[in-house]
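Remarks on the structure that follows.
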Amino acid sequence: MSDDAAHHHRTPPHAPGLYVCRARRGRAAGGVVRDGEDSPAAQGEVTPQSPQTTELADTTEGEQFAVADLVAPEGEPRGTVEFAEVEGGTLVTVEAVDLSPGFHGLHIHTTGLCEPDSENPASPGERGAFLSAGGHLKGDDDEAVHPEHAGDLPTLYVAGDGTGKIVTFTDRLDRDQLLDDDGSAVMIHESSDNLANIPERYAPDGPDSDTQNAGDGGSRIACGVVTELG
């Protein structure tokens, strides 16, 4: 080590706080050479610093209250989704199988119906896979747009073997919203979710209504009705 600097960080045994010192080896004022043994820490000329902690919500454990079995439009299983009540919100665990690799939009939709060939309740005459589930669950704010819906979740990444898993915490969803009179459904889309992030250089007027509704995730490729446990 050079004579320019030697940095020492010491925590004395059984100290009530954290002691931090920096001793420089070299010539001090008056031409006196000071080494680590003559440092303020060695002489006890330091001030203890109280350790600081940050309280975080415990999302590692919780009471599971609902599950959704994902299926493809043809009826094949595509995985499961579990919901658990934890401190401050809901923990959502998604395990998917047999999907195309890459990123896929993941949302909670407003109605617990996963009919493979169904009519869009918001657009009579439009039919398609799982349109019976309606749009994204908006939650308490009926004017919310994507990605501020209660049902908007992070994008699901699927690996090369067709499997994907995500565990995410949200304070926008709760048991009552997921299990209301018309239920709710988990939806996986064919494409990634852009979260309505459209730069002005592409769209000077901002994202259009389709993007604000669903994030341009494309077709619905897997759906699961949220079902209460017990």
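The way I read the labels, and the way they are meant: chains A, B, ... in the order of the structure tokens, residue 1 as the first residue of every chain, and ligand 1 as the first ligand shown, with later ones counted on from there.
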
Any idea what's packed within 12 Å of Arg172 (chain A), counting only C-alpha atoms, ignoring anything in its chain fewer than 4 positions away? Could you give it as a compact mmCIF listing (two decimals) with all heavy atoms, in the first residue's frame?
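Saved to out00.txt:
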```txt
# COMPACT_ATOMS: atom_id res chain seq x y z
N GLY A 88 -50.16 -4.05 4.10
CA GLY A 88 -50.20 -2.92 3.17
C GLY A 88 -50.81 -3.21 1.82
O GLY A 88 -50.97 -2.28 1.02
N GLY A 89 -51.16 -4.46 1.52
CA GLY A 89 -51.72 -4.71 0.20
C GLY A 89 -51.85 -6.20 -0.13
O GLY A 89 -52.15 -7.02 0.75
N THR A 90 -51.61 -6.53 -1.38
CA THR A 90 -51.80 -7.88 -1.89
C THR A 90 -50.55 -8.36 -2.61
O THR A 90 -49.95 -7.63 -3.40
CB THR A 90 -52.99 -7.93 -2.87
OG1 THR A 90 -54.18 -7.50 -2.18
CG2 THR A 90 -53.22 -9.32 -3.42
N LEU A 91 -50.16 -9.59 -2.32
CA LEU A 91 -49.03 -10.23 -3.00
C LEU A 91 -49.59 -11.13 -4.10
O LEU A 91 -50.43 -11.99 -3.84
CB LEU A 91 -48.21 -11.05 -2.01
CG LEU A 91 -46.81 -11.47 -2.49
CD1 LEU A 91 -45.91 -10.25 -2.62
CD2 LEU A 91 -46.20 -12.47 -1.52
N VAL A 92 -49.12 -10.92 -5.32
CA VAL A 92 -49.59 -11.69 -6.47
C VAL A 92 -48.44 -12.55 -7.00
O VAL A 92 -47.36 -12.02 -7.31
CB VAL A 92 -50.09 -10.75 -7.60
CG1 VAL A 92 -50.67 -11.58 -8.75
CG2 VAL A 92 -51.12 -9.76 -7.07
N ILE A 108 -55.17 -7.56 -14.36
CA ILE A 108 -56.41 -8.07 -13.79
C ILE A 108 -57.55 -7.38 -14.52
O ILE A 108 -57.59 -6.15 -14.62
CB ILE A 108 -56.52 -7.78 -12.28
CG1 ILE A 108 -55.27 -8.26 -11.54
CG2 ILE A 108 -57.78 -8.43 -11.72
CD1 ILE A 108 -55.03 -9.75 -11.64
N LEU A 137 -59.28 -3.81 -14.67
CA LEU A 137 -59.96 -3.42 -13.43
C LEU A 137 -59.45 -2.04 -13.02
O LEU A 137 -58.27 -1.85 -12.72
CB LEU A 137 -59.65 -4.44 -12.34
CG LEU A 137 -60.30 -4.21 -10.99
CD1 LEU A 137 -61.81 -4.28 -11.09
CD2 LEU A 137 -59.79 -5.24 -9.97
N LYS A 138 -60.35 -1.05 -12.98
CA LYS A 138 -59.93 0.33 -12.71
C LYS A 138 -59.76 0.62 -11.23
O LYS A 138 -58.98 1.49 -10.85
CB LYS A 138 -60.95 1.30 -13.32
CG LYS A 138 -60.93 1.32 -14.84
CD LYS A 138 -61.84 2.42 -15.38
CE LYS A 138 -61.74 2.50 -16.90
NZ LYS A 138 -62.58 3.60 -17.44
N GLY A 139 -60.51 -0.05 -10.39
CA GLY A 139 -60.42 0.23 -8.96
C GLY A 139 -61.27 1.42 -8.56
O GLY A 139 -62.32 1.69 -9.15
N ASP A 140 -60.80 2.16 -7.58
CA ASP A 140 -61.59 3.25 -7.01
C ASP A 140 -61.70 4.45 -7.95
O ASP A 140 -62.64 5.23 -7.85
CB ASP A 140 -60.99 3.69 -5.68
CG ASP A 140 -61.07 2.60 -4.62
OD1 ASP A 140 -61.98 1.76 -4.72
OD2 ASP A 140 -60.21 2.58 -3.72
N ASP A 141 -60.71 4.62 -8.84
CA ASP A 141 -60.70 5.77 -9.74
C ASP A 141 -61.27 5.36 -11.10
O ASP A 141 -60.58 4.75 -11.91
CB ASP A 141 -59.28 6.31 -9.89
CG ASP A 141 -59.23 7.57 -10.75
OD1 ASP A 141 -60.29 8.04 -11.19
OD2 ASP A 141 -58.11 8.07 -10.98
N PRO A 147 -51.05 3.26 -17.18
CA PRO A 147 -50.97 2.11 -16.28
C PRO A 147 -51.40 2.40 -14.85
O PRO A 147 -50.83 1.84 -13.91
CB PRO A 147 -49.48 1.78 -16.34
CG PRO A 147 -48.83 3.14 -16.41
CD PRO A 147 -49.78 4.01 -17.21
N GLU A 148 -52.38 3.25 -14.65
CA GLU A 148 -52.84 3.62 -13.32
C GLU A 148 -54.07 2.84 -12.87
O GLU A 148 -54.64 3.14 -11.82
CB GLU A 148 -53.13 5.13 -13.25
CG GLU A 148 -51.93 6.00 -13.60
CD GLU A 148 -50.75 5.73 -12.69
OE1 GLU A 148 -50.97 5.44 -11.50
OE2 GLU A 148 -49.59 5.80 -13.16
N HIS A 149 -54.51 1.85 -13.66
CA HIS A 149 -55.62 1.00 -13.22
C HIS A 149 -55.18 0.17 -12.01
O HIS A 149 -54.00 -0.20 -11.89
CB HIS A 149 -56.05 0.04 -14.33
CG HIS A 149 -56.47 0.71 -15.59
ND1 HIS A 149 -55.95 0.36 -16.82
CD2 HIS A 149 -57.37 1.70 -15.83
CE1 HIS A 149 -56.52 1.10 -17.75
NE2 HIS A 149 -57.38 1.92 -17.18
N ALA A 150 -56.12 -0.18 -11.17
CA ALA A 150 -55.82 -1.07 -10.05
C ALA A 150 -55.31 -2.42 -10.55
O ALA A 150 -54.50 -3.07 -9.90
CB ALA A 150 -57.06 -1.26 -9.19
N GLY A 151 -55.79 -2.85 -11.71
CA GLY A 151 -55.42 -4.15 -12.24
C GLY A 151 -54.17 -4.18 -13.09
O GLY A 151 -53.81 -5.23 -13.63
N ASP A 152 -53.46 -3.07 -13.22
CA ASP A 152 -52.23 -3.05 -14.02
C ASP A 152 -51.07 -3.61 -13.21
O ASP A 152 -50.74 -3.10 -12.13
CB ASP A 152 -51.92 -1.62 -14.48
CG ASP A 152 -52.94 -1.10 -15.47
OD1 ASP A 152 -53.60 -1.93 -16.12
OD2 ASP A 152 -53.08 0.13 -15.59
N LEU A 153 -50.42 -4.63 -13.74
CA LEU A 153 -49.32 -5.31 -13.06
C LEU A 153 -48.06 -5.24 -13.92
O LEU A 153 -48.13 -4.94 -15.12
CB LEU A 153 -49.68 -6.77 -12.79
CG LEU A 153 -50.89 -7.01 -11.87
CD1 LEU A 153 -51.20 -8.50 -11.79
CD2 LEU A 153 -50.64 -6.44 -10.48
N THR A 168 -45.21 -10.15 -7.31
CA THR A 168 -45.29 -8.69 -7.23
C THR A 168 -46.25 -8.26 -6.14
O THR A 168 -47.24 -8.95 -5.86
CB THR A 168 -45.72 -8.10 -8.59
OG1 THR A 168 -45.68 -6.68 -8.54
CG2 THR A 168 -47.10 -8.56 -8.98
N ASP A 176 -61.77 -7.43 -1.66
CA ASP A 176 -63.10 -6.98 -2.07
C ASP A 176 -63.16 -6.64 -3.56
O ASP A 176 -64.16 -6.93 -4.22
CB ASP A 176 -63.50 -5.75 -1.25
CG ASP A 176 -63.75 -6.07 0.21
OD1 ASP A 176 -63.99 -7.26 0.52
OD2 ASP A 176 -63.67 -5.15 1.05
N GLN A 177 -62.12 -6.03 -4.09
CA GLN A 177 -62.11 -5.69 -5.51
C GLN A 177 -62.02 -6.93 -6.38
O GLN A 177 -62.70 -7.03 -7.41
CB GLN A 177 -60.93 -4.76 -5.81
CG GLN A 177 -61.05 -3.37 -5.21
CD GLN A 177 -59.76 -2.60 -5.36
OE1 GLN A 177 -58.67 -3.12 -5.19
NE2 GLN A 177 -59.88 -1.31 -5.66
N LEU A 178 -61.21 -7.88 -5.97
CA LEU A 178 -61.00 -9.08 -6.78
C LEU A 178 -62.20 -10.03 -6.73
O LEU A 178 -62.46 -10.76 -7.68
CB LEU A 178 -59.74 -9.82 -6.31
CG LEU A 178 -58.43 -9.11 -6.58
CD1 LEU A 178 -57.30 -9.75 -5.77
CD2 LEU A 178 -58.09 -9.16 -8.07
```

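Using only C-alpha atoms, the nearest neighbour of His104 (chain A) within the list A:Leu173, A:Ala185, A:Leu229, A:Ala159 is A:Ala159.
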
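Each of A:Thr93, A:Thr80, A:Ser100, A:Ser132 was compared to Gly62 (chain A) using only C-alpha atoms, and A:Thr93 turns out to be the nearest.
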
Enter the distance from CA of Thr155 (chain A) to CA of Pro124 (chain A), in Å, rounded to one decimal.
28.8 Å

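CA of Asp171 (chain A) is found 23.3 Å from CA of Phe103 (chain A).
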
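The two atoms in question, CA of Lys165 (chain A) and CA of Glu228 (chain A), are spaced 21.4 Å apart.
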
From the list A:Arg175, A:His109, A:Arg220, A:His136, the nearest residue to Ala84 (chain A) using only C-alpha atoms is A:Arg175
